[in-house]
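The next block is my_file-v3.txt, given as compact mmCIF, C-alpha atoms.
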```txt
# COMPACT_ATOMS: atom_id res chain seq x y z
CA MET D 167 21.86 -4.58 0.88
CA LYS D 168 18.35 -4.29 2.34
CA LYS D 169 17.27 -7.75 1.28
CA LEU D 170 14.95 -8.96 3.96
CA GLY D 171 14.44 -6.30 6.62
CA SER D 172 10.98 -5.17 5.59
CA LEU D 173 9.96 -8.70 4.62
CA LEU D 174 10.73 -9.96 8.11
CA LEU D 175 8.38 -7.37 9.56
CA VAL D 176 5.63 -8.76 7.36
CA LEU D 177 6.47 -12.33 8.38
CA VAL D 178 6.23 -11.43 12.06
CA LEU D 179 2.73 -10.14 11.38
CA ALA D 180 1.91 -13.29 9.43
CA LEU D 181 2.78 -15.69 12.26
CA SER D 182 -0.58 -15.16 13.94
CA LEU D 183 -2.82 -15.13 10.86
CA VAL D 184 -4.11 -18.68 11.29
CA ALA D 185 -5.24 -18.08 14.86
CA CYS D 186 -7.20 -14.90 14.13
CA GLY D 187 -10.43 -14.24 12.27
CA THR D 188 -12.07 -11.22 10.70
CA GLU D 189 -14.81 -9.44 12.58
CA SER D 190 -16.58 -6.10 12.29
CA GLY D 191 -14.30 -3.10 12.92
CA GLY D 192 -17.00 -1.14 14.80
CA ASN D 193 -19.04 -2.23 17.82
CA ALA D 194 -22.06 -0.83 19.58
CA GLU D 195 -20.24 -0.36 22.88
CA GLY D 196 -16.94 0.75 21.39
CA GLU D 197 -15.15 3.95 22.16
CA THR D 198 -15.33 7.46 20.85
CA PRO D 199 -11.77 8.70 21.45
CA GLU D 200 -10.98 12.28 22.36
CA LYS D 201 -8.62 12.34 19.38
CA LEU D 202 -8.83 10.34 16.17
CA VAL D 203 -5.48 9.56 14.51
CA MET D 204 -5.28 8.85 10.77
CA GLY D 205 -2.23 6.96 9.54
CA PHE D 206 -0.57 7.51 6.17
CA VAL D 207 2.47 6.02 4.47
CA PRO D 208 4.09 8.17 1.78
CA SER D 209 3.77 6.48 -1.60
CA GLN D 210 5.54 9.40 -3.23
CA ASP D 211 6.78 12.65 -1.69
CA SER D 212 7.36 11.94 1.99
CA GLU D 213 8.45 15.52 2.68
CA THR D 214 5.11 17.13 1.81
CA ILE D 215 2.46 14.57 2.75
CA ALA D 216 2.18 15.83 6.34
CA ASP D 217 1.28 19.32 5.11
CA THR D 218 -1.03 17.89 2.45
CA VAL D 219 -3.14 15.88 4.92
CA GLU D 220 -3.50 18.73 7.43
CA PRO D 221 -6.58 20.28 5.76
CA LEU D 222 -8.11 16.81 5.50
CA ALA D 223 -7.66 16.31 9.25
CA GLU D 224 -9.12 19.76 9.95
CA ARG D 225 -12.21 19.09 7.85
CA LEU D 226 -12.79 15.69 9.44
CA SER D 227 -12.44 17.25 12.87
CA GLU D 228 -15.16 19.77 12.00
CA GLU D 229 -17.51 17.09 10.66
CA LEU D 230 -16.93 14.52 13.42
CA GLY D 231 -16.77 16.93 16.33
CA ILE D 232 -13.53 15.51 17.69
CA GLU D 233 -9.87 16.33 17.15
CA VAL D 234 -8.34 14.54 14.15
CA GLU D 235 -4.60 14.20 13.61
CA GLY D 236 -2.79 12.99 10.50
CA LYS D 237 0.25 10.85 11.28
CA VAL D 238 2.86 9.86 8.71
CA MET D 239 4.28 6.37 9.30
CA THR D 240 7.58 4.95 8.10
CA ASP D 241 6.05 1.99 6.23
CA TYR D 242 2.91 -0.14 6.01
CA SER D 243 4.12 -2.65 8.60
CA ALA D 244 4.49 0.19 11.11
CA LEU D 245 1.00 1.45 10.26
CA VAL D 246 -0.55 -2.01 10.75
CA GLU D 247 1.19 -2.37 14.10
CA ALA D 248 0.03 1.12 15.17
CA MET D 249 -3.56 0.18 14.31
CA GLY D 250 -3.16 -3.06 16.26
CA ALA D 251 -2.07 -1.04 19.29
CA ASN D 252 -4.96 1.44 18.75
CA GLU D 253 -2.43 4.25 18.33
CA VAL D 254 -3.91 4.89 14.88
CA GLN D 255 -7.66 4.48 14.41
CA VAL D 256 -8.07 5.22 10.69
CA GLY D 257 -5.55 3.82 8.22
CA PHE D 258 -5.02 4.61 4.56
CA ILE D 259 -3.67 1.18 3.65
CA PRO D 260 -3.35 -0.88 0.47
CA GLY D 261 -4.88 -4.31 -0.02
CA PHE D 262 -2.02 -6.42 1.37
CA ALA D 263 -1.60 -4.33 4.52
CA TYR D 264 -5.38 -4.41 4.98
CA VAL D 265 -5.44 -8.21 4.74
CA LEU D 266 -2.72 -8.47 7.41
CA ALA D 267 -4.45 -5.90 9.63
CA SER D 268 -7.89 -7.47 9.31
CA GLU D 269 -6.67 -10.99 10.05
CA GLN D 270 -4.50 -10.06 12.99
CA TYR D 271 -6.29 -7.09 14.53
CA ASP D 272 -9.89 -7.23 13.23
CA VAL D 273 -9.40 -4.02 11.29
CA GLU D 274 -12.41 -3.31 9.05
CA VAL D 275 -12.34 -1.90 5.53
CA LEU D 276 -14.80 0.96 5.02
CA LEU D 277 -13.91 2.58 1.74
CA LYS D 278 -11.73 2.24 -1.32
CA SER D 279 -10.21 4.60 -3.83
CA VAL D 280 -11.30 5.15 -7.40
CA ARG D 281 -8.72 6.24 -9.96
CA TYR D 282 -9.45 6.91 -13.62
CA GLY D 283 -12.92 5.46 -13.11
CA SER D 284 -11.62 2.12 -11.81
CA SER D 285 -11.49 0.46 -8.39
CA THR D 286 -8.63 -1.80 -9.50
CA TYR D 287 -5.12 -1.21 -10.83
CA LYS D 288 -2.00 -3.12 -11.84
CA ALA D 289 1.60 -3.20 -10.70
CA GLN D 290 4.27 -2.48 -13.28
CA TYR D 291 7.91 -3.40 -13.87
CA VAL D 292 9.96 -0.27 -14.60
CA VAL D 293 13.42 -0.45 -16.21
CA HIS D 294 15.80 2.02 -17.83
CA ALA D 295 14.96 2.54 -21.48
CA ASP D 296 18.48 1.71 -22.66
CA SER D 297 19.02 -1.23 -20.28
CA GLY D 298 18.38 -3.95 -22.85
CA ILE D 299 15.84 -5.51 -20.50
CA GLU D 300 12.77 -6.49 -22.50
CA THR D 301 11.09 -9.35 -20.62
CA LEU D 302 10.67 -10.64 -17.07
CA ALA D 303 13.21 -13.38 -17.85
CA ASP D 304 15.80 -10.66 -18.47
CA LEU D 305 15.50 -9.60 -14.82
CA GLU D 306 17.47 -12.59 -13.56
CA GLY D 307 20.71 -11.46 -11.94
CA LYS D 308 19.58 -7.83 -11.79
CA ILE D 309 19.02 -5.44 -8.85
CA TRP D 310 15.38 -5.08 -7.75
CA ALA D 311 14.04 -1.95 -6.02
CA TYR D 312 10.64 -2.27 -4.34
CA PRO D 313 8.86 0.26 -2.10
CA ASP D 314 8.00 -1.80 0.98
CA ALA D 315 7.53 -5.51 1.65
CA ALA D 316 3.94 -4.83 2.81
CA SER D 317 3.12 -3.05 -0.45
CA THR D 318 0.53 -4.85 -2.56
CA SER D 319 1.71 -3.57 -5.93
CA GLY D 320 5.30 -2.90 -4.96
CA PHE D 321 6.05 -6.33 -3.54
CA LEU D 322 3.26 -8.91 -3.08
CA PHE D 323 1.83 -9.23 -6.58
CA PRO D 324 5.15 -8.93 -8.46
CA ALA D 325 6.83 -11.41 -6.10
CA ALA D 326 4.01 -13.93 -6.53
CA GLN D 327 4.07 -13.50 -10.31
CA LEU D 328 7.81 -13.97 -10.62
CA MET D 329 7.92 -16.92 -8.24
CA GLY D 330 5.15 -18.63 -10.20
CA GLU D 331 6.56 -17.91 -13.63
CA PHE D 332 10.12 -18.98 -12.85
CA ASP D 333 9.38 -21.77 -10.36
CA ILE D 334 11.11 -20.01 -7.46
CA ASP D 335 10.38 -21.75 -4.17
CA SER D 336 10.69 -18.89 -1.69
CA ALA D 337 10.58 -15.13 -1.43
CA GLU D 338 14.11 -15.20 -0.04
CA ALA D 339 15.32 -17.10 -3.10
CA LEU D 340 13.63 -14.53 -5.32
CA GLN D 341 15.43 -11.69 -3.56
CA THR D 342 18.84 -13.27 -3.22
CA GLU D 343 19.15 -15.87 -5.98
CA PHE D 344 16.94 -14.77 -8.88
CA PHE D 345 17.86 -11.13 -8.26
CA SER D 346 21.44 -10.32 -7.38
CA GLU D 347 20.26 -7.76 -4.83
CA SER D 348 17.02 -6.26 -3.57
CA ILE D 349 16.46 -2.80 -2.14
CA ALA D 350 13.56 -1.64 0.03
CA ALA D 351 13.41 1.90 -1.35
CA GLY D 352 10.78 3.28 1.04
CA GLY D 353 8.30 4.49 -1.58
CA HIS D 354 7.09 3.91 -5.12
CA ASP D 355 8.72 7.07 -6.40
CA SER D 356 11.99 6.24 -4.64
CA ALA D 357 12.04 2.78 -6.23
CA ALA D 358 11.56 4.27 -9.70
CA VAL D 359 14.18 6.95 -9.04
CA ALA D 360 16.65 4.21 -8.06
CA VAL D 361 16.28 2.86 -11.60
CA TYR D 362 16.48 6.35 -13.09
CA ASP D 363 19.73 7.01 -11.19
CA GLY D 364 21.23 3.63 -12.07
CA ASP D 365 21.15 2.26 -8.53
CA ALA D 366 18.72 -0.52 -9.49
CA ASP D 367 17.82 -2.33 -12.70
CA VAL D 368 14.09 -2.75 -12.13
CA ALA D 369 11.46 -1.22 -9.85
CA THR D 370 8.02 -2.61 -9.11
CA THR D 371 5.48 0.16 -8.55
CA PHE D 372 1.87 1.14 -9.08
CA ASP D 373 0.82 2.05 -12.63
CA ASP D 374 2.05 4.62 -13.63
CA VAL D 375 4.44 6.08 -11.09
CA ARG D 376 6.31 7.97 -13.81
CA GLY D 377 3.54 10.54 -14.08
CA SER D 378 4.12 11.66 -10.50
CA LEU D 379 7.84 12.12 -11.19
CA GLU D 380 7.64 14.31 -14.29
CA GLU D 381 7.83 17.62 -12.42
CA ASP D 382 11.20 16.74 -10.88
CA TYR D 383 12.37 14.45 -13.70
CA PRO D 384 11.00 15.95 -16.95
CA ASP D 385 12.56 13.22 -19.10
CA VAL D 386 11.33 10.30 -16.97
CA MET D 387 8.90 9.04 -19.64
CA ASP D 388 11.79 8.76 -22.08
CA LYS D 389 14.35 7.42 -19.61
CA LEU D 390 12.17 4.74 -18.00
CA LYS D 391 10.00 2.17 -19.73
CA ILE D 392 7.48 -0.46 -18.63
CA ILE D 393 8.17 -4.06 -19.63
CA ASP D 394 5.22 -5.87 -18.01
CA TYR D 395 2.28 -5.71 -15.60
CA THR D 396 0.72 -7.93 -12.95
CA SER D 397 -2.92 -9.01 -12.81
CA ASP D 398 -5.57 -6.63 -11.45
CA ILE D 399 -5.27 -5.51 -7.82
CA PRO D 400 -8.12 -4.00 -5.74
CA ASN D 401 -7.47 -0.37 -4.89
CA ASP D 402 -6.21 0.88 -1.53
CA THR D 403 -8.50 1.36 1.44
CA ILE D 404 -9.62 3.54 4.28
CA SER D 405 -9.89 1.10 7.18
CA VAL D 406 -10.69 1.46 10.89
CA VAL D 407 -9.81 -0.33 14.11
CA SER D 408 -12.27 -2.55 15.99
CA GLU D 409 -12.27 -0.37 19.11
CA LEU D 410 -14.41 2.38 17.55
CA ASN D 411 -18.17 2.37 18.15
CA ASP D 412 -20.58 1.79 15.29
CA GLU D 413 -21.99 5.30 15.30
CA LEU D 414 -18.58 6.90 14.88
CA VAL D 415 -17.58 4.39 12.18
CA THR D 416 -20.73 5.21 10.24
CA LYS D 417 -20.08 8.92 10.59
CA ILE D 418 -16.49 8.50 9.36
CA LYS D 419 -17.72 6.58 6.33
CA GLU D 420 -20.46 9.10 5.52
CA THR D 421 -18.08 12.03 5.89
CA PHE D 422 -15.54 10.60 3.46
CA LEU D 423 -18.29 9.69 0.98
CA SER D 424 -19.60 13.26 1.16
CA PHE D 425 -16.24 14.43 -0.22
CA ASN D 426 -17.33 13.07 -3.61
CA GLU D 427 -19.56 16.15 -3.85
CA ASP D 428 -16.88 18.52 -2.56
CA GLU D 429 -14.36 19.51 -5.20
CA GLU D 430 -11.91 20.96 -2.68
CA MET D 431 -11.81 17.80 -0.56
CA ILE D 432 -11.53 15.44 -3.51
CA GLN D 433 -8.61 17.53 -4.71
CA ILE D 434 -6.96 17.02 -1.32
CA MET D 435 -7.54 13.27 -1.60
CA ASN D 436 -6.02 13.42 -5.06
CA ASP D 437 -3.01 15.35 -3.77
CA VAL D 438 -2.45 12.79 -1.00
CA TYR D 439 -2.91 9.50 -2.92
CA SER D 440 -4.27 10.37 -6.39
CA TRP D 441 -7.83 9.42 -5.42
CA ASP D 442 -10.42 10.69 -7.93
CA ALA D 443 -13.41 9.39 -5.95
CA ILE D 444 -14.32 7.30 -2.92
CA GLU D 445 -16.53 4.19 -2.86
CA GLU D 446 -17.77 1.84 -0.17
CA ALA D 447 -15.72 -1.36 0.08
CA GLU D 448 -16.41 -4.92 1.21
CA ASP D 449 -13.94 -7.31 2.81
CA ALA D 450 -14.63 -9.98 0.17
CA GLU D 451 -13.17 -7.73 -2.53
CA TYR D 452 -9.74 -8.38 -1.02
CA ASP D 453 -9.95 -12.18 -1.21
CA VAL D 454 -7.80 -12.04 -4.35
CA VAL D 455 -5.09 -10.42 -2.23
CA ARG D 456 -5.52 -13.11 0.43
CA ASP D 457 -5.22 -15.81 -2.19
CA THR D 458 -2.08 -14.25 -3.63
CA TYR D 459 -0.57 -13.91 -0.16
CA GLU D 460 -1.38 -17.52 0.69
CA LYS D 461 0.52 -18.69 -2.39
CA LEU D 462 3.49 -16.58 -1.32
CA GLU D 463 3.23 -17.60 2.33
CA ASP D 464 3.22 -21.30 1.46
CA SER D 465 6.60 -20.81 -0.22
CA ILE D 466 8.23 -19.04 2.71
CA SER D 467 10.14 -20.95 5.35
CA LEU D 468 9.68 -19.43 8.81
CA ASP D 469 12.39 -21.58 10.40
```
So, in terms of structure tokens, how does the structure I just supplied come out?
Amino acid sequence: MKKLGSLLLVLVLALSLVACGTESGGNAEGETPEKLVMGFVPSQDSETIADTVEPLAERLSEELGIEVEGKVMTDYSALVEAMGANEVQVGFIPGFAYVLASEQYDVEVLLKSVRYGSSTYKAQYVVHADSGIETLADLEGKIWAYPDAASTSGFLFPAAQLMGEFDIDSAEALQTEFFSESIAAGGHDSAAVAVYDGDADVATTFDDVRGSLEEDYPDVMDKLKIIDYTSDIPNDTISVVSELNDELVTKIKETFLSFNEDEEMIQIMNDVYSWDAIEEAEDAEYDVVRDTYEKLEDSISLD
């Protein structure tokens, strides 16, 4: 059982939230490193993402005039910690991981993804079509597969929704008392596949993870069904560390925005994280994530 391992990593990050504030991620006297490292966490196929991001790193290196490396991290908690240690300077991180990184390490959001014309999305609850599970209440006593405890759609929003709806007083109680077991699957696709294979009863993922699985699981649309959704979630981000100087931060932002006019580069962004376009982002857009996290945090005992 992988009940609380990833969650504890998030809680360690959360311990210092109150003492830290959010500041600008760039500064006039900041550094221009000899090598810029971009951090990614596989949301789907972890075996191919490294190859997929290589041309993105090469193009950024050409545009910025410095070496750029793409680095695949094990999970979002590891990526946040790497940005805090300035081992990764540019992070492709979802809303929840961004909130943690900005509060603890002054990481700044630059850009956000656009998918299907929208800068928001929902999390979904995926079950086997013949499971007999029809509502969220039917999930009690079942096995829950989630991607990563620092995942906005995979963990934070579903956990907050379930705790609120069923008056559950802690995230631990949700994982061990409401659910009979919880599994940190390591990715959205892996969580859904756990349900497909019968290793879990429900997976919480982005909407709609099934589309990315059809090539390997042609019958996935028939075998898996969606029983509910969360409220709207702001899309994932491209964020940078505070150590970078303003000029480089601006150049990074402008380079990514220029990809909107470059079909080849947008296709690469789509291959990596299903981005259809890139927009500028503001920190305030992620207040809804902060508010959701605060509700969850208040219910968690750190003793």
Residues around (-1.7, -10.7, -4.4), cut-off 6 Å, counting all atoms listed in the file - what are they as a list of chain:residue names?
D:Leu322, D:Phe323, D:Val455, D:Thr458, D:Tyr459
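As for CA of Asp402 in chain D and CA of Ser378 in chain D, they are spaced 17.4 Å apart.
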Range 286-291 of chain D surroundings by all atoms listed in the file, 8 Å radius, close-in-sequence under 4 positions cut, as JSON, numbers by chain
{"D": [280, 319, 320, 323, 324, 368, 369, 370, 371, 372, 373, 374, 392, 393, 394, 395, 396, 397, 398, 399, 400, 401]}
Between D:Ile215, D:Val361, D:Val407, D:Ala443, which has the minimum distance to Asp296 in chain D (counting all atoms listed in the file)?
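Distance minimum relative to Asp296 in chain D lands on D:Val361.
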Quick one, how far is CA of Ile349 in chain D from CA of Tyr312 in chain D?
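For CA of Ile349 in chain D relative to CA of Tyr312 in chain D, the distance reads 6.2 Å.
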Would you kindly return, as a PyMOL selection string, each protein, DNA or RNA residue with an atom no farther than 12 Å from any atom of Lys461 in chain D, considering only C-alpha atoms and excluding same-chain residues fewer than 6 positions away?
chain D and resi 322-323+325-330+334-337+454-455
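The gap separating CA of Ile259 in chain D from CA of Val207 in chain D is 7.9 Å, in Å to one decimal.
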Find the spatial neighbours of Lys237 in chain D, counting all atoms listed in the file, within a cut-off of 8 Å - ignore same-chain residues fewer than 2 positions away - and output them as a PyMOL selection string.
chain D and resi 203-206+216+235+239
From the list D:Asp367, D:Asp449, D:Glu413, D:Glu197, which residue is nearest Leu305 in chain D when using all atoms listed in the file?
D:Asp367
Out of D:Leu462, D:Val415, D:Ile444, D:Val273, which residue has the shortest atom-to-atom distance to Gly196 in chain D when counting all atoms listed in the file?
D:Val415
